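J.: Dropping in model06.txt, with compact mmCIF, C-alpha atoms.
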# COMPACT_ATOMS: atom_id res chain seq x y z
CA MET A 1 98.24 -24.08 0.08
CA LYS A 2 96.21 -25.68 -2.66
CA SER A 3 93.67 -27.48 -0.49
CA TRP A 4 92.08 -27.17 2.94
CA PHE A 5 92.12 -30.95 3.47
CA PRO A 6 95.79 -31.25 4.57
CA LEU A 7 95.16 -28.46 7.10
CA LEU A 8 92.07 -30.22 8.42
CA MET A 9 93.95 -33.51 8.75
CA GLY A 10 96.98 -31.75 10.23
CA GLY A 11 94.80 -29.98 12.80
CA LEU A 12 93.05 -33.20 13.79
CA SER A 13 96.31 -35.17 13.91
CA GLY A 14 98.18 -32.49 15.82
CA THR A 15 95.37 -32.17 18.35
CA ALA A 16 95.21 -35.94 18.84
CA VAL A 17 98.97 -36.22 19.40
CA MET A 18 99.00 -33.19 21.70
CA THR A 19 96.08 -34.54 23.73
CA CYS A 20 97.73 -37.94 24.16
CA PHE A 21 100.93 -36.20 25.28
CA LEU A 22 98.96 -34.20 27.85
CA LEU A 23 97.22 -37.35 29.12
CA ILE A 24 100.46 -39.29 29.71
CA PRO A 25 101.18 -37.67 33.11
CA ARG A 26 97.65 -38.54 34.25
CA TRP A 27 97.93 -42.13 33.01
CA MET A 28 101.33 -42.51 34.68
CA GLU A 29 99.95 -40.89 37.86
CA TRP A 30 102.59 -38.12 37.75
CA GLY A 31 100.11 -35.28 37.67
CA LYS A 32 96.51 -34.35 37.14
CA ILE A 33 96.53 -32.43 33.88
CA ASP A 34 93.10 -32.82 32.32
CA VAL A 35 92.88 -30.31 29.50
CA ILE A 36 89.65 -31.50 27.90
CA ARG A 37 87.66 -31.42 31.14
CA ALA A 38 89.31 -28.12 32.16
CA VAL A 39 88.26 -26.54 28.85
CA GLY A 40 84.77 -28.02 29.12
CA SER A 41 84.30 -26.77 32.67
CA LEU A 42 85.67 -23.38 31.66
CA MET A 43 82.74 -23.21 29.23
CA THR A 44 80.06 -24.52 31.59
CA GLY A 45 81.31 -23.44 35.02
CA ARG A 46 80.86 -26.91 36.51
CA LYS A 47 82.80 -30.18 36.89
CA GLU A 48 80.16 -32.68 35.85
CA ARG A 49 79.48 -33.84 32.29
CA VAL A 50 81.95 -31.49 30.62
CA PHE A 51 84.05 -33.94 28.58
CA GLY A 52 81.95 -33.64 25.40
CA ASN A 53 81.95 -29.84 25.43
CA GLY A 54 85.67 -29.76 26.13
CA LEU A 55 86.46 -32.27 23.39
CA VAL A 56 84.48 -30.38 20.75
CA LEU A 57 86.11 -27.07 21.66
CA HIS A 58 89.58 -28.63 21.91
CA LEU A 59 89.32 -30.29 18.47
CA GLY A 60 87.77 -27.19 16.93
CA MET A 61 90.57 -25.00 18.24
CA GLY A 62 93.14 -27.51 16.98
CA ILE A 63 91.71 -27.31 13.48
CA LEU A 64 91.40 -23.52 13.64
CA PHE A 65 95.02 -23.09 14.70
CA ALA A 66 96.25 -25.29 11.83
CA PHE A 67 94.58 -22.80 9.46
CA LEU A 68 95.98 -19.83 11.42
CA TYR A 69 99.50 -21.31 11.25
CA ALA A 70 99.08 -21.76 7.49
CA GLY A 71 97.86 -18.20 7.08
CA PHE A 72 100.79 -16.81 9.01
CA LEU A 73 103.29 -18.92 7.08
CA ASN A 74 101.66 -17.95 3.79
CA LEU A 75 102.02 -14.26 4.64
CA SER A 76 105.64 -14.75 5.64
CA ARG A 77 106.29 -16.90 2.55
CA LEU A 78 107.78 -19.67 4.67
CA PRO A 79 107.00 -23.30 3.88
CA PHE A 80 104.71 -25.25 6.18
CA ASN A 81 106.81 -28.15 7.38
CA THR A 82 107.80 -29.86 10.60
CA MET A 83 110.34 -27.19 11.60
CA THR A 84 108.16 -24.14 10.94
CA GLY A 85 105.27 -25.93 12.65
CA LEU A 86 107.52 -26.62 15.65
CA LEU A 87 108.57 -22.98 15.82
CA LEU A 88 104.98 -21.73 15.64
CA GLY A 89 104.00 -24.36 18.20
CA CYS A 90 106.70 -23.03 20.51
CA LEU A 91 105.40 -19.47 20.18
CA HIS A 92 101.82 -20.68 20.57
CA GLY A 93 102.87 -22.78 23.59
CA VAL A 94 104.52 -19.85 25.37
CA ILE A 95 101.35 -17.79 24.93
CA ILE A 96 99.14 -20.65 26.12
CA MET A 97 101.49 -21.40 29.03
CA LEU A 98 101.17 -17.80 30.20
CA LEU A 99 97.40 -17.74 29.68
CA VAL A 100 96.92 -21.04 31.50
CA SER A 101 99.24 -20.04 34.34
CA ILE A 102 97.95 -16.53 34.85
CA MET A 103 94.39 -16.22 33.62
CA ILE A 104 92.81 -19.64 33.60
CA MET A 105 94.30 -21.14 36.77
CA GLU A 106 93.58 -18.04 38.81
CA HIS A 107 90.12 -17.31 37.40
CA HIS A 108 88.76 -20.73 36.40
CA PRO A 109 85.13 -21.13 37.56
CA VAL A 110 85.95 -24.56 39.07
CA ALA A 111 88.21 -24.20 42.12
CA GLY A 112 89.99 -27.51 41.49
CA TYR A 113 91.81 -25.97 38.53
CA HIS A 114 93.28 -23.08 40.53
CA GLU A 115 96.21 -24.98 41.98
CA LYS A 116 98.16 -26.38 39.07
CA GLY A 117 101.90 -25.96 39.19
CA LEU A 118 104.77 -25.18 36.90
CA GLU A 119 104.62 -28.66 35.41
CA THR A 120 101.20 -27.85 33.94
CA GLY A 121 102.56 -24.81 32.13
CA LEU A 122 105.64 -26.68 30.91
CA ALA A 123 103.48 -29.58 29.74
CA GLN A 124 101.34 -27.08 27.79
CA LEU A 125 104.46 -25.63 26.16
CA ALA A 126 105.80 -29.04 25.16
CA ALA A 127 102.37 -30.19 23.96
CA HIS A 128 101.96 -27.17 21.70
CA MET A 129 105.43 -27.71 20.25
CA ILE A 130 104.45 -31.31 19.48
CA TYR A 131 101.16 -30.08 18.02
CA GLY A 132 102.93 -27.62 15.70
CA ALA A 133 105.50 -30.18 14.56
CA THR A 134 102.77 -32.75 13.87
CA VAL A 135 100.60 -30.30 11.94
CA GLY A 136 103.62 -29.17 9.92
CA TRP A 137 104.64 -32.74 9.15
CA VAL A 138 101.14 -33.79 8.07
CA VAL A 139 100.66 -30.70 5.91
CA SER A 140 104.06 -31.14 4.26
CA VAL A 141 103.42 -34.82 3.53
CA MET A 142 99.87 -34.30 2.24
CA GLY A 143 100.38 -30.91 0.58
Translate the structure of the given file into structure tokens.
T.:
Amino acid sequence: MKSWFPLLMGGLSGTAVMTCFLLIPRWMEWGKIDVIRAVGSLMTGRKERVFGNGLVLHLGMGILFAFLYAGFLNLSRLPFNTMTGLLLGCLHGVIIMLLVSIMIMEHHPVAGYHEKGLETGLAQLAAHMIYGATVGWVVSVMG
């Protein structure tokens, strides 16, 4: 990777697409997945005024993981493209799905986040796959 800028843009783009995907069930009234507020309240331990904290952490992690994906692909000598991004997003999504399902839902400081079902974990998996594919696509186009 010659420049950090495609990774920054890929991380921001991937996080934006992933976040929109995770908000669709809420907008369509199919479920109550609210990742940004859940992350923010995980940091603060409360439900009120957590959107800003959650958004900053969510975007920061999205950028960080774009760089981590690139580092892993660089070590493995694989190209960073849509397919390798999708594959890393799948692996990342499985890990996050397990963390969200086991650790965060059971031990979240706000009780309202304890009772999320299988659809929350599956939505996390799909969202991370979309994130990885988007980051890979942006990096391959800009790189």
J.: Compile the contact shell of Gly89 in chain A as a PyMOL selection string: residues with an atom at most 8 Å away, counting all atoms listed in the file, same-chain residues fewer than 5 positions apart removed.
T.: chain A and resi 128-133
J.: Check the smallest atom-to-atom distance from each of A:Val39, A:Ala66, A:Leu122, A:Met142 to Leu86 in chain A using all atoms listed in the file, then report the winner.
T.: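 Nearest to Leu86 in chain A: A:Ala66.
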J.: Work out how far CA of Met97 in chain A is from CA of Asn74 in chain A, in Å to one decimal.
T.: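 It comes out at 25.5 Å.
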J.: Under the rule that all atoms listed in the file are counted, which of A:Arg37, A:Gly71, A:Arg49, A:Gly85 is the nearest residue to Trp4 in chain A?
T.: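 Once distances to Trp4 in chain A are computed over all atoms listed in the file, the minimum belongs to A:Gly71.
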J.: Let me make sure I understand: among A:Gly11, A:Leu22, A:Leu75, A:Leu125, which one has the smallest atom-to-atom distance to Ile96 in chain A if we use only C-alpha atoms?
T.: A:Leu125
J.: Can you tell me how far CA of Gly62 in chain A sits from CA of Met28 in chain A, in Å to one decimal?
T.: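 Going from CA of Gly62 in chain A over to CA of Met28 in chain A covers 24.6 Å.
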J.: Report, in Å with one decimal, the straight-line distance from CA of Gly52 in chain A to CA of Gly40 in chain A.
T.: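 Computing it gives 7.3 Å between the two atoms.
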